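Structure record follows, encoded as structure tokens.
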Amino acid sequence: MGMANSSALKFTVRRQPPVLVVPAGPTPRELKPLSDIDDQEGLRFYIPAIHFFRQHEGRGDDPVPVLRDAVAAALVHYYPLAGRLRELEGRKLAVDCTGEGVLFVEADADVRLDQFGAAMQPPFPCLDELVFDVPGSSDLLDAPLLHFQVTRLACRGSIMAVKIQHAVADGPGLVQFLAAVAELARGAVAPTVRPVWGRELLMAPPDDDLARAPRAFAHREYDDVPDTKGTIVPLDSMTHSSFFFGPREVAACSHLPPALRRGATTFEVLTGCLWRCRTVALAPAADEEMRMICLVSVRGGRKPQQSGPVIPVGYYGNAFAFPVAVSTAGDLCANPVSYAVELVMKAKREVDVEYVRSVARLMVRRGRPHFTVVRAYLMSDLTRSGIRDLDYGWGKPVYAGPAKGGVGAIPGVASFLIAVKNAMGEEGIAVPVCLPGHAMDKFTEEMSKLMRPAFRTSRPSSPDVFPKIKSAI
């Protein structure tokens with residue numbers, strides 16, 4: 001385990017005025033309501049992703065017009081993304097398919113790709129210059145739903161940053177759209193995967209429609225918990241670091257009983273470890289309830305003993321839930337890590353399409369609330385998102401994934417498991433973490449103790465000095 005910080009690197013970015021890229025052909029003008037999962041309060045923000053590309057020896061053309069034209073072509077198929085959000089009665093969101101287009105910024109930077117280090121992972125230096133926030137463009141209503149910035153580098157490599165309004169698409173939905181852009185940039189006539197809107201699948205049925213009523217769940221992720229002790233820390237007051245885990249570190253989880261080790265996924269093991277160590281680092285009172293929220297997708301067809309509709313291939317809306325594991329801080333800290341892992345497993349495995357439809361009903365009945373963030377930590381597994389495998393014509397990216405941790409309507413709560421390579425070219429999982437400065441040192445110490453002897457406890461001076469992991473979730 002190690003901690004990365006490449007913030008010492010400074011460079012200048014020269015941006016051209018932003019333009020709107022419209023669909024390359026005619027598109028319908030219609031109003032398309034979002035699902036009752038899409039428009040919950042906790043998804044009304046932009047999620048940023050970033051790609052770093054080397055210069056491809058076989059292709060010397062300028063990436064800016066290639067990508068701009070591919071985006072325009074993709075928007076013909078994904079025309080709602082060229083529209084604008086409107087808010088209807090009951091805080092219901094809908095996309096007005098105006099065809100106004102998505103934001104596109106062209107830029108140049110006086111920096112080389114190798115200056116970012118051999119092991120690339122968040123946090124990235126000068127990120128606000130690479131994912132520039134055009135004033136007014138990140139509003140919820142009447143604003144572009146997608147933002148692109150393509151930055152040429154001094155080495156003839158490039159960076160493509162993307163932001164998408166989370167209310168219209170989740171991570172897999174964004175990757176599906178970007179896969180279409182990549183195919184069209186390489187000369188395809190149409191995307192391989194045809195987009196499916198289908199938001200009615202995750203609409204709450206009317207209260208009097210008992211035949212379609214979902215099963216009842218507790219949904220403690222939406223408990224109303226007041227922050228009486230000021231536990232929500234502003235993002236500007238937090239330290240941002242990335243922790244990198246390798247096969248030795250995961251194998252070192254010898255604290256787990258053999259049966260639990262065989263039954264738990266890597267995501268469940270790492271999430272349990274991170275939750276426990278984060279709780280120790282924050283040092284809450286023993287009787288305070290701590291929450292571990294896991295983002296669980298319901299894509300991929302119906303699993304055994306599950307009911308409800310199947311999410312179709314091509315669906316790019318939000319198709320996940322936020323199940324939560326709850327424990328007092330005292331119990332988390334006093335028990336072995338297996339206690340935390342078992343709670344995560346139990347919460348995560350409760351989710352199916354019926355669970356998500358139950359969330360949709362809750363949203364309508366309770367005014368589309370935000371999930372509880374007080375003393376909460378959220379983890380999302382992005383190791384198999386497929387974003388690293390997209391080829392826009394310059395080969396696979398050196399890095400592709402979240403631009404930073406802590407994003408969300410309430411910043412600082414969320415972390416991700418991201419598949420990356422370390423400086424030696426070995427596959428691994430990076431986890432960007434945001435914590436108050438005084439807690440980050442304690443968190444690093446607790447993780448190192450938990451994973452001994454595999455973890456190195458020294459703090460590296462550059463992102464090159466990191467352990468490694470295999471992506472197996």
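Chain labels A, B, ... are given in the sequence in which chains occur in the structure tokens; within each chain residues are numbered consecutively from 1, and ligands are likewise numbered from 1 in the order shown.
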
Near A:Gly171, counting only C-alpha atoms, which residues have an atom at most 12 Å away, once you skip same-chain residues fewer than 2 positions from it, shown as a ChimeraX atom specification? /A:43,46-49,162-169,173-178,295-297,299,315-320,380-387,401-402,416

Write out, as a PDB file, in the first residue's frame, the residues just selected, with C-alpha atoms.
ATOM      1  CA  LEU A  43     -27.283  11.822  -8.590  1.00  0.00           C
ATOM      2  CA  TYR A  46     -21.447  15.733 -12.922  1.00  0.00           C
ATOM      3  CA  ILE A  47     -19.077  12.754 -12.831  1.00  0.00           C
ATOM      4  CA  PRO A  48     -15.615  13.391 -14.331  1.00  0.00           C
ATOM      5  CA  ALA A  49     -13.465  10.868 -16.175  1.00  0.00           C
ATOM      6  CA  VAL A 162     -15.231  14.037 -19.940  1.00  0.00           C
ATOM      7  CA  LYS A 163     -17.955  15.088 -17.517  1.00  0.00           C
ATOM      8  CA  ILE A 164     -21.513  13.794 -17.692  1.00  0.00           C
ATOM      9  CA  GLN A 165     -24.580  14.725 -15.698  1.00  0.00           C
ATOM     10  CA  HIS A 166     -25.059  11.640 -13.490  1.00  0.00           C
ATOM     11  CA  ALA A 167     -28.847  11.970 -13.608  1.00  0.00           C
ATOM     12  CA  VAL A 168     -28.873  10.891 -17.263  1.00  0.00           C
ATOM     13  CA  ALA A 169     -26.311   8.067 -17.164  1.00  0.00           C
ATOM     14  CA  GLY A 173     -23.799   4.185 -19.481  1.00  0.00           C
ATOM     15  CA  LEU A 174     -20.986   6.701 -19.919  1.00  0.00           C
ATOM     16  CA  VAL A 175     -18.570   3.956 -20.999  1.00  0.00           C
ATOM     17  CA  GLN A 176     -21.167   2.695 -23.494  1.00  0.00           C
ATOM     18  CA  PHE A 177     -21.419   6.177 -25.021  1.00  0.00           C
ATOM     19  CA  LEU A 178     -17.625   6.561 -25.087  1.00  0.00           C
ATOM     20  CA  LEU A 295     -22.905   0.957  -5.231  1.00  0.00           C
ATOM     21  CA  VAL A 296     -24.409  -2.271  -6.658  1.00  0.00           C
ATOM     22  CA  SER A 297     -25.413  -2.583 -10.311  1.00  0.00           C
ATOM     23  CA  ARG A 299     -27.136  -4.968 -15.050  1.00  0.00           C
ATOM     24  CA  TYR A 315     -29.600   0.787 -21.479  1.00  0.00           C
ATOM     25  CA  TYR A 316     -27.488   3.751 -20.405  1.00  0.00           C
ATOM     26  CA  GLY A 317     -29.521   5.150 -17.523  1.00  0.00           C
ATOM     27  CA  ASN A 318     -28.739   4.616 -13.852  1.00  0.00           C
ATOM     28  CA  ALA A 319     -29.293   0.960 -12.975  1.00  0.00           C
ATOM     29  CA  PHE A 320     -27.915   0.508  -9.480  1.00  0.00           C
ATOM     30  CA  SER A 380     -17.975   1.844  -6.159  1.00  0.00           C
ATOM     31  CA  ASP A 381     -16.190  -0.902  -8.108  1.00  0.00           C
ATOM     32  CA  LEU A 382     -14.955   0.373 -11.488  1.00  0.00           C
ATOM     33  CA  THR A 383     -12.286  -2.248 -12.089  1.00  0.00           C
ATOM     34  CA  ARG A 384     -14.255  -3.934 -14.877  1.00  0.00           C
ATOM     35  CA  SER A 385     -15.882  -0.868 -16.406  1.00  0.00           C
ATOM     36  CA  GLY A 386     -14.084  -1.395 -19.739  1.00  0.00           C
ATOM     37  CA  ILE A 387     -13.026   2.241 -20.090  1.00  0.00           C
ATOM     38  CA  GLY A 401     -11.012   6.234 -15.327  1.00  0.00           C
ATOM     39  CA  PRO A 402     -12.250   8.624 -12.654  1.00  0.00           C
ATOM     40  CA  PHE A 416     -13.668   4.003  -6.231  1.00  0.00           C
TER      41      PHE A 416
END

Which residues are close to A:Gly101, i.e. within 8 Å by only C-alpha atoms, leaving aside same-chain residues fewer than 3 positions away? Reply as JSON, numbers by chain. {"A": [20, 21, 22, 23, 81, 82, 83, 144]}

Write out, as a PDB file, in the first residue's frame, the residues just selected, with all heavy atoms.
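What landed in out38.pdb:
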ATOM      1  N   LEU A  20     -20.224  24.407 -28.749  1.00  0.00           N
ATOM      2  CA  LEU A  20     -21.232  23.364 -28.602  1.00  0.00           C
ATOM      3  C   LEU A  20     -21.166  22.447 -29.820  1.00  0.00           C
ATOM      4  O   LEU A  20     -21.247  22.912 -30.961  1.00  0.00           O
ATOM      5  CB  LEU A  20     -22.625  23.967 -28.470  1.00  0.00           C
ATOM      6  CG  LEU A  20     -22.924  24.675 -27.144  1.00  0.00           C
ATOM      7  CD1 LEU A  20     -24.286  25.372 -27.214  1.00  0.00           C
ATOM      8  CD2 LEU A  20     -22.888  23.702 -25.976  1.00  0.00           C
ATOM      9  N   VAL A  21     -20.999  21.152 -29.574  1.00  0.00           N
ATOM     10  CA  VAL A  21     -20.991  20.159 -30.638  1.00  0.00           C
ATOM     11  C   VAL A  21     -22.393  19.572 -30.729  1.00  0.00           C
ATOM     12  O   VAL A  21     -22.902  19.000 -29.760  1.00  0.00           O
ATOM     13  CB  VAL A  21     -19.962  19.046 -30.357  1.00  0.00           C
ATOM     14  CG1 VAL A  21     -20.057  17.946 -31.419  1.00  0.00           C
ATOM     15  CG2 VAL A  21     -18.557  19.618 -30.320  1.00  0.00           C
ATOM     16  N   VAL A  22     -23.031  19.722 -31.856  1.00  0.00           N
ATOM     17  CA  VAL A  22     -24.411  19.265 -32.044  1.00  0.00           C
ATOM     18  C   VAL A  22     -24.395  17.937 -32.788  1.00  0.00           C
ATOM     19  O   VAL A  22     -23.397  17.566 -33.410  1.00  0.00           O
ATOM     20  CB  VAL A  22     -25.244  20.308 -32.816  1.00  0.00           C
ATOM     21  CG1 VAL A  22     -25.264  21.632 -32.059  1.00  0.00           C
ATOM     22  CG2 VAL A  22     -24.695  20.503 -34.225  1.00  0.00           C
ATOM     23  N   PRO A  23     -25.486  17.193 -32.739  1.00  0.00           N
ATOM     24  CA  PRO A  23     -25.542  15.932 -33.496  1.00  0.00           C
ATOM     25  C   PRO A  23     -25.252  16.155 -34.977  1.00  0.00           C
ATOM     26  O   PRO A  23     -25.649  17.166 -35.563  1.00  0.00           O
ATOM     27  CB  PRO A  23     -26.975  15.449 -33.264  1.00  0.00           C
ATOM     28  CG  PRO A  23     -27.385  16.072 -31.962  1.00  0.00           C
ATOM     29  CD  PRO A  23     -26.711  17.412 -31.940  1.00  0.00           C
ATOM     30  N   LEU A  81     -28.633  13.084 -25.050  1.00  0.00           N
ATOM     31  CA  LEU A  81     -27.469  13.692 -24.390  1.00  0.00           C
ATOM     32  C   LEU A  81     -27.141  15.068 -24.967  1.00  0.00           C
ATOM     33  O   LEU A  81     -26.375  15.827 -24.360  1.00  0.00           O
ATOM     34  CB  LEU A  81     -26.252  12.772 -24.506  1.00  0.00           C
ATOM     35  CG  LEU A  81     -26.389  11.392 -23.851  1.00  0.00           C
ATOM     36  CD1 LEU A  81     -25.079  10.607 -23.982  1.00  0.00           C
ATOM     37  CD2 LEU A  81     -26.783  11.520 -22.379  1.00  0.00           C
ATOM     38  N   ALA A  82     -27.703  15.398 -26.117  1.00  0.00           N
ATOM     39  CA  ALA A  82     -27.508  16.737 -26.691  1.00  0.00           C
ATOM     40  C   ALA A  82     -28.590  17.706 -26.242  1.00  0.00           C
ATOM     41  O   ALA A  82     -28.602  18.862 -26.670  1.00  0.00           O
ATOM     42  CB  ALA A  82     -27.501  16.650 -28.218  1.00  0.00           C
ATOM     43  N   GLY A  83     -29.477  17.257 -25.358  1.00  0.00           N
ATOM     44  CA  GLY A  83     -30.566  18.103 -24.889  1.00  0.00           C
ATOM     45  C   GLY A  83     -30.269  18.778 -23.566  1.00  0.00           C
ATOM     46  O   GLY A  83     -29.099  18.922 -23.158  1.00  0.00           O
ATOM     47  N   PRO A 144     -25.519  22.031 -20.671  1.00  0.00           N
ATOM     48  CA  PRO A 144     -25.074  20.848 -21.421  1.00  0.00           C
ATOM     49  C   PRO A 144     -24.929  19.635 -20.497  1.00  0.00           C
ATOM     50  O   PRO A 144     -24.427  19.750 -19.381  1.00  0.00           O
ATOM     51  CB  PRO A 144     -23.723  21.285 -21.988  1.00  0.00           C
ATOM     52  CG  PRO A 144     -23.784  22.777 -22.035  1.00  0.00           C
ATOM     53  CD  PRO A 144     -24.611  23.177 -20.853  1.00  0.00           C
TER      54      PRO A 144
END

Please measure the separation of atom CA of A:Asp38 and atom CA of A:Glu89, giving the value in Å to one decimal.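 One can read the atom CA of A:Asp38 to atom CA of A:Glu89 distance as 15.6 Å.
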
Go through stretch 268-373 of chain A and collect every residue that DSSP, computed from the backbone, puts in strand (DSSP E); the answer should be as a list of chain:residue names. A:Glu289, A:Met290, A:Arg291, A:Met292, A:Ile293, A:Cys294, A:Val296, A:Ser297, A:Phe320, A:Ala321, A:Val324, A:Ala325, A:Val326, A:Ser327, A:Thr328

Export of the given selection (all heavy atoms) as an mmCIF file, in the first residue's frame:
data_model
loop_
_atom_site.group_PDB
_atom_site.id
_atom_site.type_symbol
_atom_site.label_atom_id
_atom_site.label_comp_id
_atom_site.auth_asym_id
_atom_site.auth_seq_id
_atom_site.Cartn_x
_atom_site.Cartn_y
_atom_site.Cartn_z
ATOM 1 N N GLU A 289 -23.305 5.680 14.851
ATOM 2 C CA GLU A 289 -23.522 4.737 13.761
ATOM 3 C C GLU A 289 -22.695 5.147 12.538
ATOM 4 O O GLU A 289 -22.783 6.274 12.070
ATOM 5 C CB GLU A 289 -25.001 4.673 13.377
ATOM 6 C CG GLU A 289 -25.830 3.795 14.283
ATOM 7 C CD GLU A 289 -27.212 3.515 13.719
ATOM 8 O OE1 GLU A 289 -27.682 4.295 12.860
ATOM 9 O OE2 GLU A 289 -27.810 2.520 14.152
ATOM 10 N N MET A 290 -21.935 4.193 12.022
ATOM 11 C CA MET A 290 -21.149 4.388 10.810
ATOM 12 C C MET A 290 -21.821 3.627 9.669
ATOM 13 O O MET A 290 -22.385 2.539 9.890
ATOM 14 C CB MET A 290 -19.712 3.903 11.008
ATOM 15 C CG MET A 290 -19.035 4.447 12.255
ATOM 16 S SD MET A 290 -18.969 6.264 12.327
ATOM 17 C CE MET A 290 -17.786 6.611 11.016
ATOM 18 N N ARG A 291 -21.738 4.189 8.465
ATOM 19 C CA ARG A 291 -22.436 3.600 7.320
ATOM 20 C C ARG A 291 -21.468 3.354 6.162
ATOM 21 O O ARG A 291 -20.702 4.242 5.795
ATOM 22 C CB ARG A 291 -23.554 4.543 6.849
ATOM 23 C CG ARG A 291 -24.643 4.700 7.886
ATOM 24 C CD ARG A 291 -25.543 5.904 7.618
ATOM 25 N NE ARG A 291 -26.504 5.985 8.695
ATOM 26 C CZ ARG A 291 -27.682 5.358 8.712
ATOM 27 N NH1 ARG A 291 -28.054 4.659 7.656
ATOM 28 N NH2 ARG A 291 -28.483 5.443 9.739
ATOM 29 N N MET A 292 -21.533 2.149 5.627
ATOM 30 C CA MET A 292 -20.749 1.800 4.440
ATOM 31 C C MET A 292 -21.721 1.549 3.299
ATOM 32 O O MET A 292 -22.465 0.562 3.280
ATOM 33 C CB MET A 292 -19.919 0.548 4.716
ATOM 34 C CG MET A 292 -18.991 0.153 3.570
ATOM 35 S SD MET A 292 -17.659 1.345 3.298
ATOM 36 C CE MET A 292 -18.029 1.890 1.619
ATOM 37 N N ILE A 293 -21.752 2.484 2.351
ATOM 38 C CA ILE A 293 -22.670 2.403 1.214
ATOM 39 C C ILE A 293 -21.929 1.768 0.036
ATOM 40 O O ILE A 293 -20.834 2.201 -0.319
ATOM 41 C CB ILE A 293 -23.177 3.801 0.827
ATOM 42 C CG1 ILE A 293 -23.898 4.457 2.015
ATOM 43 C CG2 ILE A 293 -24.095 3.725 -0.387
ATOM 44 C CD1 ILE A 293 -24.233 5.919 1.791
ATOM 45 N N CYS A 294 -22.519 0.751 -0.554
ATOM 46 C CA CYS A 294 -21.921 0.072 -1.702
ATOM 47 C C CYS A 294 -22.779 0.325 -2.937
ATOM 48 O O CYS A 294 -23.988 0.089 -2.904
ATOM 49 C CB CYS A 294 -21.832 -1.432 -1.457
ATOM 50 S SG CYS A 294 -20.873 -1.887 -0.005
ATOM 51 N N VAL A 296 -24.203 -0.926 -6.101
ATOM 52 C CA VAL A 296 -24.409 -2.271 -6.658
ATOM 53 C C VAL A 296 -25.261 -2.181 -7.914
ATOM 54 O O VAL A 296 -26.409 -1.722 -7.873
ATOM 55 C CB VAL A 296 -25.072 -3.206 -5.627
ATOM 56 C CG1 VAL A 296 -25.302 -4.590 -6.233
ATOM 57 C CG2 VAL A 296 -24.209 -3.313 -4.373
ATOM 58 N N SER A 297 -24.710 -2.611 -9.030
ATOM 59 C CA SER A 297 -25.413 -2.583 -10.311
ATOM 60 C C SER A 297 -26.368 -3.762 -10.430
ATOM 61 O O SER A 297 -26.124 -4.837 -9.878
ATOM 62 C CB SER A 297 -24.401 -2.617 -11.459
ATOM 63 O OG SER A 297 -25.047 -2.735 -12.705
ATOM 64 N N PHE A 320 -28.621 0.999 -10.662
ATOM 65 C CA PHE A 320 -27.915 0.508 -9.480
ATOM 66 C C PHE A 320 -28.639 0.992 -8.235
ATOM 67 O O PHE A 320 -29.548 1.812 -8.286
ATOM 68 C CB PHE A 320 -26.461 0.980 -9.464
ATOM 69 C CG PHE A 320 -26.298 2.471 -9.385
ATOM 70 C CD1 PHE A 320 -26.308 3.127 -8.171
ATOM 71 C CD2 PHE A 320 -26.140 3.229 -10.540
ATOM 72 C CE1 PHE A 320 -26.169 4.508 -8.095
ATOM 73 C CE2 PHE A 320 -26.003 4.606 -10.479
ATOM 74 C CZ PHE A 320 -26.022 5.246 -9.249
ATOM 75 N N ALA A 321 -28.196 0.477 -7.101
ATOM 76 C CA ALA A 321 -28.730 0.903 -5.810
ATOM 77 C C ALA A 321 -27.579 1.188 -4.860
ATOM 78 O O ALA A 321 -26.411 0.867 -5.142
ATOM 79 C CB ALA A 321 -29.656 -0.163 -5.227
ATOM 80 N N VAL A 324 -26.702 -0.272 2.189
ATOM 81 C CA VAL A 324 -25.809 0.234 3.225
ATOM 82 C C VAL A 324 -25.618 -0.797 4.332
ATOM 83 O O VAL A 324 -26.561 -1.469 4.745
ATOM 84 C CB VAL A 324 -26.358 1.563 3.810
ATOM 85 C CG1 VAL A 324 -27.698 1.355 4.506
ATOM 86 C CG2 VAL A 324 -25.352 2.198 4.758
ATOM 87 N N ALA A 325 -24.381 -0.930 4.774
ATOM 88 C CA ALA A 325 -24.057 -1.686 5.979
ATOM 89 C C ALA A 325 -23.942 -0.684 7.121
ATOM 90 O O ALA A 325 -23.329 0.381 6.961
ATOM 91 C CB ALA A 325 -22.749 -2.452 5.800
ATOM 92 N N VAL A 326 -24.524 -1.004 8.267
ATOM 93 C CA VAL A 326 -24.561 -0.077 9.402
ATOM 94 C C VAL A 326 -23.981 -0.765 10.635
ATOM 95 O O VAL A 326 -24.299 -1.921 10.920
ATOM 96 C CB VAL A 326 -26.001 0.395 9.693
ATOM 97 C CG1 VAL A 326 -26.028 1.388 10.855
ATOM 98 C CG2 VAL A 326 -26.625 1.017 8.447
ATOM 99 N N SER A 327 -23.117 -0.052 11.356
ATOM 100 C CA SER A 327 -22.553 -0.557 12.606
ATOM 101 C C SER A 327 -22.157 0.619 13.477
ATOM 102 O O SER A 327 -21.822 1.696 12.968
ATOM 103 C CB SER A 327 -21.317 -1.427 12.328
ATOM 104 O OG SER A 327 -20.652 -1.781 13.529
ATOM 105 N N THR A 328 -22.163 0.409 14.771
ATOM 106 C CA THR A 328 -21.602 1.444 15.644
ATOM 107 C C THR A 328 -20.095 1.475 15.451
ATOM 108 O O THR A 328 -19.465 0.460 15.102
ATOM 109 C CB THR A 328 -21.916 1.172 17.123
ATOM 110 O OG1 THR A 328 -21.273 -0.044 17.519
ATOM 111 C CG2 THR A 328 -23.408 1.092 17.372
#

Who sits within 9 Å of A:Asp39, only C-alpha atoms, same chain under 2 positions skipped, as an NGL selection string: :A and (34-37 or 41-44 or 91-94 or 166-168 or 363 or 368)

Neighbours of A:Tyr78 within 10 Å (only C-alpha atoms; same-chain residues fewer than 6 positions away dropped), as a PDB file with all heavy atoms, in the first residue's frame?
ATOM      1  N   PRO A  23     -25.486  17.193 -32.739  1.00  0.00           N
ATOM      2  CA  PRO A  23     -25.542  15.932 -33.496  1.00  0.00           C
ATOM      3  C   PRO A  23     -25.252  16.155 -34.977  1.00  0.00           C
ATOM      4  O   PRO A  23     -25.649  17.166 -35.563  1.00  0.00           O
ATOM      5  CB  PRO A  23     -26.975  15.449 -33.264  1.00  0.00           C
ATOM      6  CG  PRO A  23     -27.385  16.072 -31.962  1.00  0.00           C
ATOM      7  CD  PRO A  23     -26.711  17.412 -31.940  1.00  0.00           C
ATOM      8  N   THR A  27     -32.293  14.892 -35.448  1.00  0.00           N
ATOM      9  CA  THR A  27     -32.719  14.095 -34.289  1.00  0.00           C
ATOM     10  C   THR A  27     -34.121  14.539 -33.862  1.00  0.00           C
ATOM     11  O   THR A  27     -34.520  15.685 -34.108  1.00  0.00           O
ATOM     12  CB  THR A  27     -31.751  14.259 -33.106  1.00  0.00           C
ATOM     13  OG1 THR A  27     -31.665  15.647 -32.755  1.00  0.00           O
ATOM     14  CG2 THR A  27     -30.369  13.750 -33.454  1.00  0.00           C
ATOM     15  N   VAL A  71     -17.798  12.616 -31.609  1.00  0.00           N
ATOM     16  CA  VAL A  71     -18.832  12.963 -30.627  1.00  0.00           C
ATOM     17  C   VAL A  71     -20.107  13.393 -31.347  1.00  0.00           C
ATOM     18  O   VAL A  71     -21.219  12.963 -30.997  1.00  0.00           O
ATOM     19  CB  VAL A  71     -18.331  14.070 -29.673  1.00  0.00           C
ATOM     20  CG1 VAL A  71     -19.485  14.636 -28.842  1.00  0.00           C
ATOM     21  CG2 VAL A  71     -17.233  13.535 -28.762  1.00  0.00           C
ATOM     22  N   ALA A  72     -19.962  14.217 -32.378  1.00  0.00           N
ATOM     23  CA  ALA A  72     -21.136  14.669 -33.140  1.00  0.00           C
ATOM     24  C   ALA A  72     -21.866  13.489 -33.778  1.00  0.00           C
ATOM     25  O   ALA A  72     -23.106  13.429 -33.780  1.00  0.00           O
ATOM     26  CB  ALA A  72     -20.702  15.668 -34.216  1.00  0.00           C
ATOM     27  N   PHE A 177     -21.450   5.038 -24.092  1.00  0.00           N
ATOM     28  CA  PHE A 177     -21.419   6.177 -25.021  1.00  0.00           C
ATOM     29  C   PHE A 177     -20.007   6.407 -25.551  1.00  0.00           C
ATOM     30  O   PHE A 177     -19.814   6.629 -26.754  1.00  0.00           O
ATOM     31  CB  PHE A 177     -21.936   7.436 -24.335  1.00  0.00           C
ATOM     32  CG  PHE A 177     -21.785   8.678 -25.170  1.00  0.00           C
ATOM     33  CD1 PHE A 177     -22.645   8.929 -26.225  1.00  0.00           C
ATOM     34  CD2 PHE A 177     -20.767   9.578 -24.903  1.00  0.00           C
ATOM     35  CE1 PHE A 177     -22.496  10.071 -27.011  1.00  0.00           C
ATOM     36  CE2 PHE A 177     -20.609  10.722 -25.682  1.00  0.00           C
ATOM     37  CZ  PHE A 177     -21.476  10.969 -26.744  1.00  0.00           C
ATOM     38  N   ALA A 180     -19.054   4.097 -28.229  1.00  0.00           N
ATOM     39  CA  ALA A 180     -19.598   4.529 -29.518  1.00  0.00           C
ATOM     40  C   ALA A 180     -18.707   5.606 -30.143  1.00  0.00           C
ATOM     41  O   ALA A 180     -18.416   5.565 -31.349  1.00  0.00           O
ATOM     42  CB  ALA A 180     -21.017   5.051 -29.333  1.00  0.00           C
ATOM     43  N   ARG A 194     -26.474  -0.679 -29.730  1.00  0.00           N
ATOM     44  CA  ARG A 194     -27.478   0.353 -29.974  1.00  0.00           C
ATOM     45  C   ARG A 194     -28.053   0.840 -28.651  1.00  0.00           C
ATOM     46  O   ARG A 194     -28.424   0.034 -27.794  1.00  0.00           O
ATOM     47  CB  ARG A 194     -28.602  -0.213 -30.852  1.00  0.00           C
ATOM     48  CG  ARG A 194     -28.119  -0.607 -32.256  1.00  0.00           C
ATOM     49  CD  ARG A 194     -27.505   0.567 -32.998  1.00  0.00           C
ATOM     50  NE  ARG A 194     -26.990   0.228 -34.303  1.00  0.00           N
ATOM     51  CZ  ARG A 194     -27.398   0.799 -35.435  1.00  0.00           C
ATOM     52  NH1 ARG A 194     -28.355   1.722 -35.388  1.00  0.00           N
ATOM     53  NH2 ARG A 194     -26.858   0.461 -36.590  1.00  0.00           N
ATOM     54  N   PRO A 195     -28.142   2.155 -28.467  1.00  0.00           N
ATOM     55  CA  PRO A 195     -28.624   2.677 -27.183  1.00  0.00           C
ATOM     56  C   PRO A 195     -30.101   2.390 -26.957  1.00  0.00           C
ATOM     57  O   PRO A 195     -30.901   2.379 -27.897  1.00  0.00           O
ATOM     58  CB  PRO A 195     -28.365   4.183 -27.289  1.00  0.00           C
ATOM     59  CG  PRO A 195     -28.336   4.452 -28.768  1.00  0.00           C
ATOM     60  CD  PRO A 195     -27.755   3.229 -29.398  1.00  0.00           C
ATOM     61  N   VAL A 196     -30.446   2.146 -25.696  1.00  0.00           N
ATOM     62  CA  VAL A 196     -31.824   1.912 -25.279  1.00  0.00           C
ATOM     63  C   VAL A 196     -32.176   2.950 -24.221  1.00  0.00           C
ATOM     64  O   VAL A 196     -31.473   3.067 -23.207  1.00  0.00           O
ATOM     65  CB  VAL A 196     -32.002   0.490 -24.701  1.00  0.00           C
ATOM     66  CG1 VAL A 196     -33.410   0.301 -24.132  1.00  0.00           C
ATOM     67  CG2 VAL A 196     -31.702  -0.559 -25.767  1.00  0.00           C
ATOM     68  N   TRP A 197     -33.253   3.706 -24.423  1.00  0.00           N
ATOM     69  CA  TRP A 197     -33.683   4.685 -23.419  1.00  0.00           C
ATOM     70  C   TRP A 197     -34.386   3.953 -22.276  1.00  0.00           C
ATOM     71  O   TRP A 197     -33.856   3.872 -21.173  1.00  0.00           O
ATOM     72  CB  TRP A 197     -34.576   5.740 -24.060  1.00  0.00           C
ATOM     73  CG  TRP A 197     -35.010   6.807 -23.092  1.00  0.00           C
ATOM     74  CD1 TRP A 197     -36.227   6.937 -22.503  1.00  0.00           C
ATOM     75  CD2 TRP A 197     -34.200   7.869 -22.589  1.00  0.00           C
ATOM     76  NE1 TRP A 197     -36.228   8.018 -21.651  1.00  0.00           N
ATOM     77  CE2 TRP A 197     -34.996   8.614 -21.685  1.00  0.00           C
ATOM     78  CE3 TRP A 197     -32.878   8.265 -22.799  1.00  0.00           C
ATOM     79  CZ2 TRP A 197     -34.516   9.722 -21.005  1.00  0.00           C
ATOM     80  CZ3 TRP A 197     -32.403   9.379 -22.123  1.00  0.00           C
ATOM     81  CH2 TRP A 197     -33.218  10.090 -21.236  1.00  0.00           C
ATOM     82  N   TYR A 316     -28.576   2.928 -20.927  1.00  0.00           N
ATOM     83  CA  TYR A 316     -27.488   3.751 -20.405  1.00  0.00           C
ATOM     84  C   TYR A 316     -27.908   4.650 -19.252  1.00  0.00           C
ATOM     85  O   TYR A 316     -27.144   5.518 -18.806  1.00  0.00           O
ATOM     86  CB  TYR A 316     -26.813   4.565 -21.518  1.00  0.00           C
ATOM     87  CG  TYR A 316     -27.685   5.506 -22.319  1.00  0.00           C
ATOM     88  CD1 TYR A 316     -27.694   6.873 -22.041  1.00  0.00           C
ATOM     89  CD2 TYR A 316     -28.449   5.053 -23.387  1.00  0.00           C
ATOM     90  CE1 TYR A 316     -28.463   7.746 -22.792  1.00  0.00           C
ATOM     91  CE2 TYR A 316     -29.222   5.920 -24.147  1.00  0.00           C
ATOM     92  CZ  TYR A 316     -29.225   7.274 -23.852  1.00  0.00           C
ATOM     93  OH  TYR A 316     -29.978   8.150 -24.599  1.00  0.00           O
TER      94      TYR A 316
END

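Residues of stretch 4-175 of chain A that DSSP, applied to the backbone, places in alpha helix (DSSP H): A:Pro63, A:Val64, A:Pro65, A:Val66, A:Leu67, A:Arg68, A:Asp69, A:Ala70, A:Val71, A:Ala72, A:Ala73, A:Ala74, A:Leu75, A:Val76, A:His77, A:Leu127, A:Asp128, A:Glu129, A:Leu130, A:Gly171, A:Pro172, A:Gly173, A:Leu174, A:Val175.
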
Which residue gives the smallest distance to A:Ala118 among A:Gly393, A:Pro33, A:Gly425, A:Gly246, with only C-alpha atoms counted? A:Gly425
